[in-house]
Amino acid sequence: MLHLVAFLLHCLPLAMGHYDICKSWVTTDDGPSWEFYACQPKAMRMKEYVTVRVDPPGITCGDPPERFCTHENPYLCSDECDASTPDLAHPPKLMFDKEDEGLATYWQSVTWSRYPEPLLANITLSWNKSIELTDDIVVTFEYGRPTIMMLEKSLDNGRTWHPYQYYADDCMEAFGMPARRVRDLSTTSANRIICTEEYSRWAGSKKEKNVRLEVRDRFAIFAGQDLRNMDNLYTRLESAKGLKDFFTMTDLRMRLLRPALGGTYVQRENLYKYFYAVSNIEVTGRCKCNLHANLCSFKEGSLQCECEHNTTGQDCGKCKKNFRTRSWRAGSYLPLPNGSPNACAAAGSAFGNCECYGHSNRCSYIDFLNVVTCVSCKHNTRGQHCQHCRLGFYRNGSAELDDENVCIECNCNQIGSLHDRCNETGYCECREGASGPKCDDCLPNYYWRQGCFPNVCDEELLICQNGGTCYQNQRCICPAGYKGVLCEQSKCDSDNKACNSASSTYLSLTFFLISALSLQLRCLLDF
């Protein structure tokens, strides 16, 4: 009972009060009519509606059967993973099942038997729907948390990916970033992408299982530690650039880059104790309905907003037919306490005249389409009502549609990006190895040289051999007698002619010296 009370108190601030009614029937001097309000669905456990994919192929243990051991008993390797035996199998679905008290079920990877080749695994969660986080993402690991991992998210159903948070036992070594904590961020940096060491260092305790994306701590920057000042949070979500999008996603990807090491270096004599095991992933959020719906239902295999305000679409992202006399707009949390519904309007309503938001002063009637459209949109806008941004520009989330600065240039890096266009949050589409909103940075294990190129060598996995040294991760400087990318080839082994030639030269020189000494001795004796 106490656990239930604690859970309800935990969820209370996020579930209570605001934006749960879309409309009400009111009577005015002009007669009865609907009064609209900004509205949104309640938060729920999103793992109930997710599809999961684990890659690369063959990363899940059990095919073929494999034994493994734990850090607590590293030399008692009696456990086995066997995909053909239900009691010994560890498929991905076990990350989302209901567990009996005291009995954890989990997905498990193969062991690190191919060390020093990296043990890499991706776990991708997809909703086929935009969702908004309302609480922490919590990933529960069995047998130790990874020493290096990262979370990524997608806003376009997996077509492009963006970093969400980095995790490492040494952030500077793993990602070239200083370690930070979310609770140390400020109001101006609440959506900063950080690297944390809080969940990656070996604690030696079975209780240390969870890795978090701290959503509540970011909310607390605005709403206070107990999340009671939600009005301030909603105000900031509406007005702070990029903040609302930070908590929005369609897909979540967990990249596991190095398993738990048990607080030591990799012990090559016993690689069966290195693997990943995930028993649970909790994602709490709500359907993103652009403040046009307070209900979201699971239909035809995906979540669907039950749209109000004369809107339609999976996210209530467009106006219904015959309600398009002004451009679609998302609802707004402001002004408090009921927000602005920004409902779509029908022909003949108060919004029947063409609206260009100040970006054009001329309209044109297109007879065969029976629509009025704005002409010669300015300020880098386009569309029937100058409500969209031109290619190469994206919407300024902190500006109203009538602001001259409503469209911001993408400024994609010409070398690191595929083209000069970006998505609705300003992120460019990067070439392989490039990262960052403008594709002007490189992913870990890549270096920049008029583009991002994979490291040729490093000090951990791609090690120069036979005494070679790694120069700026770009090439191995080999000692005399060796060559190859990693100095792995002996010049003599690969070029016998050169070796034979060198040997012949050496023998010839030796014979010449001996002959000269003999001649000199003979002269001295004759003398």
# chains A, B, ... in the order shown; residues from 1 in each chain; ligands from 1
$ select_by_dssp --residues "range 64-192 of chain A" --states "helix (DSSP H, G or I)" --output "PyMOL selection string"
chain A and resi 86-88+92-95+171-175+182-184
$ write_last_selection --atoms "C-alpha atoms" --output "PDB file, in the first residue's frame"
ATOM      1  CA  PRO A  86      12.627 -21.242 -23.474  1.00  0.00           C
ATOM      2  CA  ASP A  87      14.061 -21.328 -19.948  1.00  0.00           C
ATOM      3  CA  LEU A  88      17.543 -20.446 -21.221  1.00  0.00           C
ATOM      4  CA  PRO A  92      14.456  -8.747 -26.808  1.00  0.00           C
ATOM      5  CA  LYS A  93      10.793  -9.019 -25.698  1.00  0.00           C
ATOM      6  CA  LEU A  94      11.971  -9.781 -22.155  1.00  0.00           C
ATOM      7  CA  MET A  95      12.951  -6.111 -21.775  1.00  0.00           C
ATOM      8  CA  CYS A 171      33.641  11.114 -20.435  1.00  0.00           C
ATOM      9  CA  MET A 172      36.746  12.887 -21.666  1.00  0.00           C
ATOM     10  CA  GLU A 173      38.422   9.662 -22.751  1.00  0.00           C
ATOM     11  CA  ALA A 174      35.290   8.138 -24.328  1.00  0.00           C
ATOM     12  CA  PHE A 175      33.673  11.165 -26.004  1.00  0.00           C
ATOM     13  CA  VAL A 182      21.770  17.562 -15.164  1.00  0.00           C
ATOM     14  CA  ARG A 183      21.028  19.126 -11.779  1.00  0.00           C
ATOM     15  CA  ASP A 184      23.881  21.582 -12.360  1.00  0.00           C
TER      16      ASP A 184
END
$ select_by_dssp --residues "range 280-412 of chain A" --states "strand (DSSP E)" --output "ChimeraX atom specification"
/A:280-282,284-287,296-299,302-305,311-312,318-319,363-366,371-374,381-382,388-389,393-395,407-409
$ residues_around --residues "Asn423 in chain A" --least-positions-apart "6" --cutoff "12 Å" --atoms "only C-alpha atoms" --output "PyMOL selection string"
chain A and resi 154-156+159-162+245+389-396+408-412+429-430+437-438
$ residues_around --residues "Asn455 in chain A" --least-positions-apart "6" --cutoff "7 Å" --atoms "only C-alpha atoms" --output "MDAnalysis selection string"
chainID A and resid 445:447 473:474
$ write_last_selection --atoms "N, CA and C atoms" --output "PDB file, in the first residue's frame"
ATOM      1  N   ASN A 445      35.520   8.252 -32.504  1.00  0.00           N
ATOM      2  CA  ASN A 445      36.292   7.370 -33.379  1.00  0.00           C
ATOM      3  C   ASN A 445      36.370   7.883 -34.819  1.00  0.00           C
ATOM      4  N   TYR A 446      36.043   9.177 -35.027  1.00  0.00           N
ATOM      5  CA  TYR A 446      36.259   9.842 -36.306  1.00  0.00           C
ATOM      6  C   TYR A 446      37.074  11.107 -36.064  1.00  0.00           C
ATOM      7  N   TYR A 447      37.798  11.571 -37.060  1.00  0.00           N
ATOM      8  CA  TYR A 447      38.536  12.826 -36.943  1.00  0.00           C
ATOM      9  C   TYR A 447      38.191  13.716 -38.145  1.00  0.00           C
ATOM     10  N   ASN A 473      45.670   9.782 -34.560  1.00  0.00           N
ATOM     11  CA  ASN A 473      44.632   8.821 -34.962  1.00  0.00           C
ATOM     12  C   ASN A 473      44.537   8.635 -36.471  1.00  0.00           C
ATOM     13  N   GLN A 474      45.494   9.173 -37.221  1.00  0.00           N
ATOM     14  CA  GLN A 474      45.387   9.172 -38.685  1.00  0.00           C
ATOM     15  C   GLN A 474      46.307   8.156 -39.353  1.00  0.00           C
TER      16      GLN A 474
END
$ residues_around --residues "Trp448 in chain A" --least-positions-apart "5" --cutoff "12 Å" --atoms "only C-alpha atoms" --output "list in words"
Ile415, Gly416, Glu432, Gly433, Ala434, Ser435, Cys439, Asp440, Asp441, Cys442, Leu443, Phe453, Pro454, Asn455, Gln472, Asn473 and Gln474 of chain A
$ write_last_selection --atoms "N, CA and C atoms" --output "PDB file, in the first residue's frame"
ATOM      1  N   ILE A 415      30.577  20.639 -45.982  1.00  0.00           N
ATOM      2  CA  ILE A 415      31.369  19.412 -46.118  1.00  0.00           C
ATOM      3  C   ILE A 415      30.732  18.273 -45.325  1.00  0.00           C
ATOM      4  N   GLY A 416      30.272  18.565 -44.117  1.00  0.00           N
ATOM      5  CA  GLY A 416      29.760  17.503 -43.244  1.00  0.00           C
ATOM      6  C   GLY A 416      28.330  17.102 -43.520  1.00  0.00           C
ATOM      7  N   GLU A 432      28.247  10.348 -43.363  1.00  0.00           N
ATOM      8  CA  GLU A 432      28.751   9.319 -42.455  1.00  0.00           C
ATOM      9  C   GLU A 432      29.910   9.854 -41.616  1.00  0.00           C
ATOM     10  N   GLY A 433      29.812   9.668 -40.315  1.00  0.00           N
ATOM     11  CA  GLY A 433      30.866  10.088 -39.393  1.00  0.00           C
ATOM     12  C   GLY A 433      30.682  11.479 -38.823  1.00  0.00           C
ATOM     13  N   ALA A 434      29.873  12.323 -39.486  1.00  0.00           N
ATOM     14  CA  ALA A 434      29.667  13.691 -39.011  1.00  0.00           C
ATOM     15  C   ALA A 434      28.525  13.735 -38.000  1.00  0.00           C
ATOM     16  N   SER A 435      28.537  14.731 -37.127  1.00  0.00           N
ATOM     17  CA  SER A 435      27.483  14.870 -36.121  1.00  0.00           C
ATOM     18  C   SER A 435      27.309  16.343 -35.784  1.00  0.00           C
ATOM     19  N   CYS A 439      26.243  19.505 -38.539  1.00  0.00           N
ATOM     20  CA  CYS A 439      27.156  18.514 -39.143  1.00  0.00           C
ATOM     21  C   CYS A 439      28.578  19.058 -39.221  1.00  0.00           C
ATOM     22  N   ASP A 440      28.966  19.855 -38.232  1.00  0.00           N
ATOM     23  CA  ASP A 440      30.313  20.431 -38.221  1.00  0.00           C
ATOM     24  C   ASP A 440      31.195  19.790 -37.159  1.00  0.00           C
ATOM     25  N   ASP A 441      30.773  18.641 -36.644  1.00  0.00           N
ATOM     26  CA  ASP A 441      31.554  17.902 -35.661  1.00  0.00           C
ATOM     27  C   ASP A 441      31.635  16.449 -36.117  1.00  0.00           C
ATOM     28  N   CYS A 442      32.456  15.649 -35.445  1.00  0.00           N
ATOM     29  CA  CYS A 442      32.608  14.240 -35.808  1.00  0.00           C
ATOM     30  C   CYS A 442      32.166  13.349 -34.657  1.00  0.00           C
ATOM     31  N   LEU A 443      31.648  12.187 -35.018  1.00  0.00           N
ATOM     32  CA  LEU A 443      31.282  11.187 -34.016  1.00  0.00           C
ATOM     33  C   LEU A 443      32.545  10.646 -33.356  1.00  0.00           C
ATOM     34  N   PHE A 453      36.556  11.400 -41.075  1.00  0.00           N
ATOM     35  CA  PHE A 453      37.134  10.133 -41.511  1.00  0.00           C
ATOM     36  C   PHE A 453      37.353   9.235 -40.289  1.00  0.00           C
ATOM     37  N   PRO A 454      37.130   7.915 -40.458  1.00  0.00           N
ATOM     38  CA  PRO A 454      37.307   7.018 -39.306  1.00  0.00           C
ATOM     39  C   PRO A 454      38.767   6.959 -38.876  1.00  0.00           C
ATOM     40  N   ASN A 455      38.975   6.834 -37.560  1.00  0.00           N
ATOM     41  CA  ASN A 455      40.317   6.708 -37.034  1.00  0.00           C
ATOM     42  C   ASN A 455      41.015   5.508 -37.661  1.00  0.00           C
ATOM     43  N   GLN A 472      48.041  11.196 -34.275  1.00  0.00           N
ATOM     44  CA  GLN A 472      46.773  11.931 -34.399  1.00  0.00           C
ATOM     45  C   GLN A 472      45.634  11.049 -34.918  1.00  0.00           C
ATOM     46  N   ASN A 473      45.670   9.782 -34.560  1.00  0.00           N
ATOM     47  CA  ASN A 473      44.632   8.821 -34.962  1.00  0.00           C
ATOM     48  C   ASN A 473      44.537   8.635 -36.471  1.00  0.00           C
ATOM     49  N   GLN A 474      45.494   9.173 -37.221  1.00  0.00           N
ATOM     50  CA  GLN A 474      45.387   9.172 -38.685  1.00  0.00           C
ATOM     51  C   GLN A 474      46.307   8.156 -39.353  1.00  0.00           C
TER      52      GLN A 474
END
$ residues_around --residues "range 476-482 of chain A" --least-positions-apart "6" --cutoff "7 Å" --atoms "only C-alpha atoms" --output "list in words"
Cys457, Cys464, Gly467, Gly468, Thr469, Cys470, Glu488, Gln489, Ser490 and Lys491 of chain A
